[in-house]
$ cat run13.txt   # compact mmCIF, C-alpha atoms
# COMPACT_ATOMS: atom_id res chain seq x y z
CA MET A 3 -11.14 -42.51 2.99
CA GLU A 4 -8.79 -39.83 1.63
CA ILE A 5 -9.15 -38.36 -1.87
CA GLU A 6 -5.98 -40.18 -2.94
CA ASP A 7 -7.59 -43.53 -2.08
CA LYS A 8 -10.72 -42.95 -4.14
CA ASN A 9 -11.22 -43.88 -7.76
CA ILE A 10 -11.76 -41.25 -10.43
CA LYS A 11 -15.56 -41.50 -10.40
CA GLU A 12 -15.75 -41.14 -6.62
CA THR A 13 -13.36 -38.19 -6.67
CA TYR A 14 -15.34 -36.47 -9.42
CA SER A 15 -18.59 -37.08 -7.58
CA ASP A 16 -17.17 -35.51 -4.41
CA PHE A 17 -15.83 -32.58 -6.41
CA ASN A 18 -19.10 -32.02 -8.27
CA ASN A 19 -21.20 -32.11 -5.10
CA THR A 20 -18.97 -29.89 -3.00
CA GLU A 21 -20.61 -26.72 -1.75
CA ILE A 22 -18.89 -23.37 -2.14
CA SER A 23 -16.54 -22.79 0.78
CA LYS A 24 -17.45 -19.65 2.71
CA ASP A 25 -13.91 -19.12 3.96
CA ARG A 26 -12.46 -19.57 0.48
CA SER A 27 -14.95 -17.33 -1.32
CA TYR A 28 -14.65 -14.61 1.33
CA PHE A 29 -10.85 -14.63 1.35
CA ILE A 30 -10.45 -14.80 -2.44
CA ASP A 31 -12.85 -11.86 -2.78
CA LYS A 32 -10.70 -9.87 -0.36
CA ALA A 33 -7.51 -10.90 -2.17
CA VAL A 34 -8.82 -9.83 -5.59
CA LYS A 35 -9.74 -6.41 -4.21
CA VAL A 36 -6.38 -6.03 -2.47
CA GLU A 37 -4.43 -6.82 -5.65
CA PHE A 38 -6.62 -4.49 -7.69
CA LEU A 39 -5.82 -1.62 -5.32
CA VAL A 40 -2.11 -2.50 -5.27
CA ASN A 41 -2.14 -2.27 -9.09
CA ILE A 42 -3.78 1.15 -8.91
CA PHE A 43 -1.30 2.39 -6.31
CA LEU A 44 1.80 1.24 -8.19
CA SER A 45 0.49 2.55 -11.50
CA ASN A 46 -0.10 5.93 -9.89
CA ILE A 47 3.38 5.94 -8.37
CA LEU A 48 5.07 4.87 -11.61
CA GLY A 49 3.01 7.12 -13.87
CA ILE A 50 1.16 4.36 -15.72
CA SER A 51 -2.18 5.81 -16.82
CA GLU A 52 -3.90 2.55 -17.81
CA PRO A 53 -2.69 -0.27 -15.54
CA ASN A 54 -5.06 -2.86 -17.01
CA LYS A 55 -3.36 -2.37 -20.40
CA SER A 56 0.19 -2.48 -19.06
CA LYS A 57 2.41 -5.57 -19.19
CA SER A 58 3.32 -5.29 -15.51
CA PHE A 59 -0.18 -4.84 -14.07
CA GLY A 60 -2.43 -6.32 -16.73
CA ASP A 61 -3.85 -9.84 -16.89
CA THR A 62 -1.28 -11.46 -19.17
CA THR A 63 1.42 -14.00 -18.33
CA GLN A 64 3.92 -11.13 -18.32
CA SER A 65 2.27 -9.35 -15.39
CA LEU A 66 4.10 -9.13 -12.10
CA SER A 67 3.25 -11.54 -9.30
CA PHE A 68 1.47 -10.20 -6.26
CA MET A 69 4.60 -10.56 -4.14
CA ALA A 70 6.68 -8.74 -6.76
CA LYS A 71 4.24 -5.84 -6.44
CA VAL A 72 4.44 -5.97 -2.65
CA THR A 73 8.25 -5.90 -2.86
CA LEU A 74 8.01 -2.84 -5.12
CA LEU A 75 5.84 -1.04 -2.58
CA ASN A 76 8.40 -1.91 0.08
CA ASP A 77 11.33 -0.72 -2.05
CA LEU A 78 9.49 2.55 -2.73
CA ASP A 79 8.92 3.04 1.04
CA PHE A 80 5.13 2.89 0.85
CA ILE A 81 5.07 -0.07 3.27
CA ASP A 82 7.53 -1.16 5.94
CA ASN A 83 8.94 -4.65 6.51
CA ASP A 84 6.24 -5.58 9.05
CA VAL A 85 3.46 -4.81 6.58
CA LYS A 86 5.38 -6.67 3.86
CA ALA A 87 5.54 -9.75 6.12
CA LYS A 88 1.78 -9.60 6.72
CA LEU A 89 1.12 -9.31 3.00
CA GLU A 90 3.32 -12.37 2.44
CA LEU A 91 1.17 -14.30 4.90
CA PHE A 92 -1.95 -12.97 3.21
CA ALA A 93 -0.63 -14.08 -0.21
CA SER A 94 0.27 -17.57 1.03
CA ILE A 95 -3.29 -18.15 2.30
CA ARG A 96 -4.72 -16.77 -0.94
CA ASN A 97 -2.54 -19.17 -2.97
CA LYS A 98 -3.69 -22.17 -0.95
CA PHE A 99 -7.35 -21.28 -1.48
CA ALA A 100 -6.79 -20.57 -5.16
CA HIS A 101 -4.80 -23.69 -6.04
CA LEU A 102 -5.61 -26.42 -3.52
CA PHE A 103 -9.03 -28.05 -3.74
CA THR A 104 -8.82 -29.49 -0.23
CA ALA A 105 -8.19 -26.02 1.23
CA ASP A 106 -11.83 -25.25 1.97
CA SER A 107 -11.39 -23.48 5.33
CA TYR A 108 -8.84 -21.41 7.19
CA ASP A 109 -7.94 -24.53 9.13
CA THR A 110 -7.06 -26.56 6.02
CA ALA A 111 -5.54 -23.64 4.09
CA ILE A 112 -3.04 -22.69 6.79
CA SER A 113 -0.12 -25.06 7.24
CA SER A 114 1.52 -25.62 10.62
CA SER A 115 4.48 -23.43 9.63
CA LYS A 116 2.22 -20.55 8.55
CA PHE A 117 0.18 -20.98 11.72
CA LYS A 118 3.37 -20.49 13.73
CA GLU A 119 4.06 -17.29 11.79
CA LEU A 120 0.54 -16.05 12.46
CA ARG A 121 0.85 -16.83 16.16
CA LYS A 122 4.14 -14.95 16.29
CA VAL A 123 2.59 -11.87 14.67
CA TYR A 124 -0.62 -11.98 16.71
CA ASN A 125 0.58 -13.40 20.01
CA HIS A 126 -0.92 -10.32 21.69
CA LEU A 127 -4.41 -11.60 20.91
CA LYS A 128 -5.78 -13.46 23.90
CA ASN A 129 -8.03 -16.27 22.73
CA PRO A 130 -10.11 -18.15 25.28
CA ASN A 131 -10.27 -21.14 22.95
CA GLU A 132 -7.38 -23.62 22.69
CA ASN A 133 -8.72 -25.00 19.42
CA ASP A 134 -6.28 -24.31 16.55
CA ALA A 135 -9.04 -24.00 13.95
CA PHE A 136 -10.75 -21.32 16.03
CA ASN A 137 -7.48 -19.43 16.55
CA LYS A 138 -6.64 -19.57 12.85
CA HIS A 139 -9.96 -17.90 12.11
CA VAL A 140 -9.25 -15.18 14.70
CA TYR A 141 -5.76 -14.56 13.33
CA VAL A 142 -6.90 -14.42 9.70
CA GLU A 143 -9.67 -11.95 10.50
CA GLN A 144 -7.10 -9.72 12.17
CA LEU A 145 -4.70 -10.20 9.26
CA ILE A 146 -7.38 -9.04 6.81
CA LYS A 147 -8.07 -5.96 8.94
CA ASP A 148 -4.36 -5.13 9.07
CA VAL A 149 -3.97 -5.54 5.31
CA GLU A 150 -6.95 -3.26 4.70
CA GLN A 151 -5.52 -0.70 7.12
CA SER A 152 -2.18 -0.80 5.31
CA LEU A 153 -3.99 0.00 2.05
CA GLU A 154 -5.66 3.00 3.69
CA ASN A 155 -2.24 4.15 4.89
CA ILE A 156 -0.90 3.92 1.32
CA ILE A 157 -3.83 6.06 0.12
CA ASP A 158 -3.01 8.71 2.74
CA LEU A 159 0.67 8.65 1.78
CA LEU A 160 -0.14 8.91 -1.91
CA GLN A 161 -2.45 11.87 -1.31
CA GLU A 162 0.25 13.58 0.72
CA LYS A 163 2.84 13.05 -2.01
CA ILE A 164 0.45 14.27 -4.71
CA VAL A 165 -0.35 17.44 -2.75
CA ASN A 166 3.34 18.08 -2.05
CA LYS A 167 4.23 17.50 -5.68
CA ALA A 168 1.53 19.88 -6.90
CA SER A 169 2.48 22.46 -4.27
CA ASN A 170 6.16 22.30 -5.15
CA ALA A 171 5.39 22.55 -8.86
CA ALA A 172 3.23 25.63 -8.26
CA LYS A 173 5.90 27.22 -6.09
CA LEU A 174 8.57 26.56 -8.71
CA LYS A 175 6.40 28.10 -11.41
CA ILE A 176 5.83 31.23 -9.32
CA ALA A 177 9.53 31.48 -8.50
CA GLU A 178 10.52 31.18 -12.15
CA ARG A 179 8.05 33.88 -13.19
CA PHE A 180 9.21 36.19 -10.40
CA HIS A 181 12.87 35.61 -11.30
CA ASN A 182 12.29 36.26 -15.00
CA LEU A 183 10.30 39.38 -14.23
CA LEU A 184 13.08 40.91 -12.15
CA ILE A 185 16.12 39.73 -14.11
CA PHE A 186 15.09 40.01 -17.72
CA ASP A 187 12.69 42.94 -17.78
CA PRO A 188 14.67 46.24 -17.60
CA ARG A 189 11.61 48.05 -16.25
CA PHE A 190 12.01 46.19 -12.94
CA ILE A 191 15.73 46.69 -12.33
CA SER A 192 15.10 49.38 -9.73
CA SER A 193 12.23 47.34 -8.28
CA ARG A 194 14.57 44.41 -7.75
CA HIS A 195 16.91 46.56 -5.66
CA TYR A 196 13.96 47.92 -3.67
CA LEU A 197 12.61 44.38 -3.00
CA ASN A 198 16.02 43.28 -1.74
CA ILE A 199 16.00 46.12 0.81
CA LEU A 200 12.49 45.18 1.94
CA HIS A 201 13.54 41.55 2.22
CA ASP A 202 16.49 42.40 4.49
CA LYS A 203 14.38 44.63 6.73
CA ALA A 204 11.55 42.08 7.02
CA THR A 205 13.97 39.26 7.79
CA LYS A 206 15.61 41.27 10.56
CA GLU A 207 12.28 42.30 12.11
CA ILE A 208 10.82 38.80 12.14
CA SER A 209 14.08 37.30 13.41
CA GLU A 210 14.01 39.68 16.38
CA ARG A 211 10.38 38.80 17.12
CA ILE A 212 10.94 35.05 17.23
CA GLY A 213 14.50 35.18 18.50
CA ASP A 214 15.97 33.23 15.61
CA GLU A 215 19.01 34.83 14.03
CA ASN A 216 19.25 31.97 11.57
CA LEU A 217 15.79 32.54 10.11
CA MET A 218 15.42 30.91 6.74
CA SER A 219 15.37 33.40 3.88
CA LEU A 220 11.92 34.86 3.37
CA SER A 221 12.40 34.56 -0.35
CA ALA A 222 12.49 30.73 -0.14
CA LEU A 223 9.28 29.33 -1.56
$ encode --input "run13.txt" --output "structure tokens"
Amino acid sequence: MEIEDKNIKETYSDFNNTEISKDRSYFIDKAVKVEFLVNIFLSNILGISEPNKSKSFGDTTQSLSFMAKVTLLNDLDFIDNDVKAKLELFASIRNKFAHLFTADSYDTAISSSKFKELRKVYNHLKNPNENDAFNKHVYVEQLIKDVEQSLENIIDLLQEKIVNKASNAAKLKIAERFHNLLIFDPRFISSRHYLNILHDKATKEISERIGDENLMSLSAL
């Protein structure tokens, strides 16, 4: 007998006696961690120091949906369209587990249309079992691994951008100090002329050594 056919007391009894679903608890735990990291990433990118207190990434009704955050990462070129598609699949399974009581396993949480999408993405996986429930479990496990890998890739990209930003800022600061020293301090007028001569000689010598007449200016920082 389906839940719809039962009376209220029977439905409540079934609900009250239901054990915690392993698939649901495992996947929801992963989803919470993924969204937490996405919040951290976007806050870092957008310069928001306290994401939990922000309207966009906090826990109020004004906060952005998970897919809105994923779209932002895609727009900002931190993930490509393939990763975005996998995160959409990930979010759809998370929503089923979070909002549908009868979704107590990967088999019941994944609709036939989503299963087709998963098969299309992971058709390279050779499963010896023809059972759909088994294959759904295999695909979801791979999906979770891919989502976690995409988060690691974002961390690497963020670190690279932070290093580049700091490096460029340091270079700019040095260049400004050097420029001010030569231009605005009369004691270094003659030094400026001397440095220009050294620059020209060094550029010519290095160009001859590497055979590149179009060598970028040595003064570029």
$ closest_atom_pairs --input "run13.txt" --of "range 82-148 of chain A" --to "range 68-72 of chain A" --cutoff "10 Å" --atoms "only C-alpha atoms" --output "tab-separated table"
residue	atom	partner	partner_atom	distance
A:Val85	CA	A:Val72	CA	9.4
A:Lys86	CA	A:Val72	CA	6.6
A:Ala87	CA	A:Val72	CA	9.6
A:Leu89	CA	A:Val72	CA	7.4
A:Glu90	CA	A:Met69	CA	6.9
A:Ala93	CA	A:Met69	CA	7.4
A:Ser94	CA	A:Met69	CA	9.7
$ residues_around --input "run13.txt" --residues "Ala100 in chain A" --least-positions-apart "4" --cutoff "12 Å" --atoms "only C-alpha atoms" --output "list of chain:residue names"
A:Ser23, A:Asp25, A:Arg26, A:Ser27, A:Tyr28, A:Phe29, A:Ile30, A:Asp31, A:Ala33, A:Val34, A:Ala93, A:Ser94, A:Ile95, A:Arg96, A:Thr104, A:Ala105, A:Asp106, A:Ser107, A:Ala111
$ closest_residue --input "run13.txt" --among "A:Thr63, A:Lys138, A:Phe99, A:Glu154" --to "Ser114 in chain A" --atoms "all atoms listed in the file"
A:Lys138
$ closest_residue --input "run13.txt" --among "A:Lys57, A:Asn76, A:Ile47, A:Lys32" --to "Leu145 in chain A" --atoms "all atoms listed in the file"
A:Lys32
$ atom_distance --input "run13.txt" --atom1 "CA of Leu75 in chain A" --atom2 "CA of Leu102 in chain A"
27.9 Å
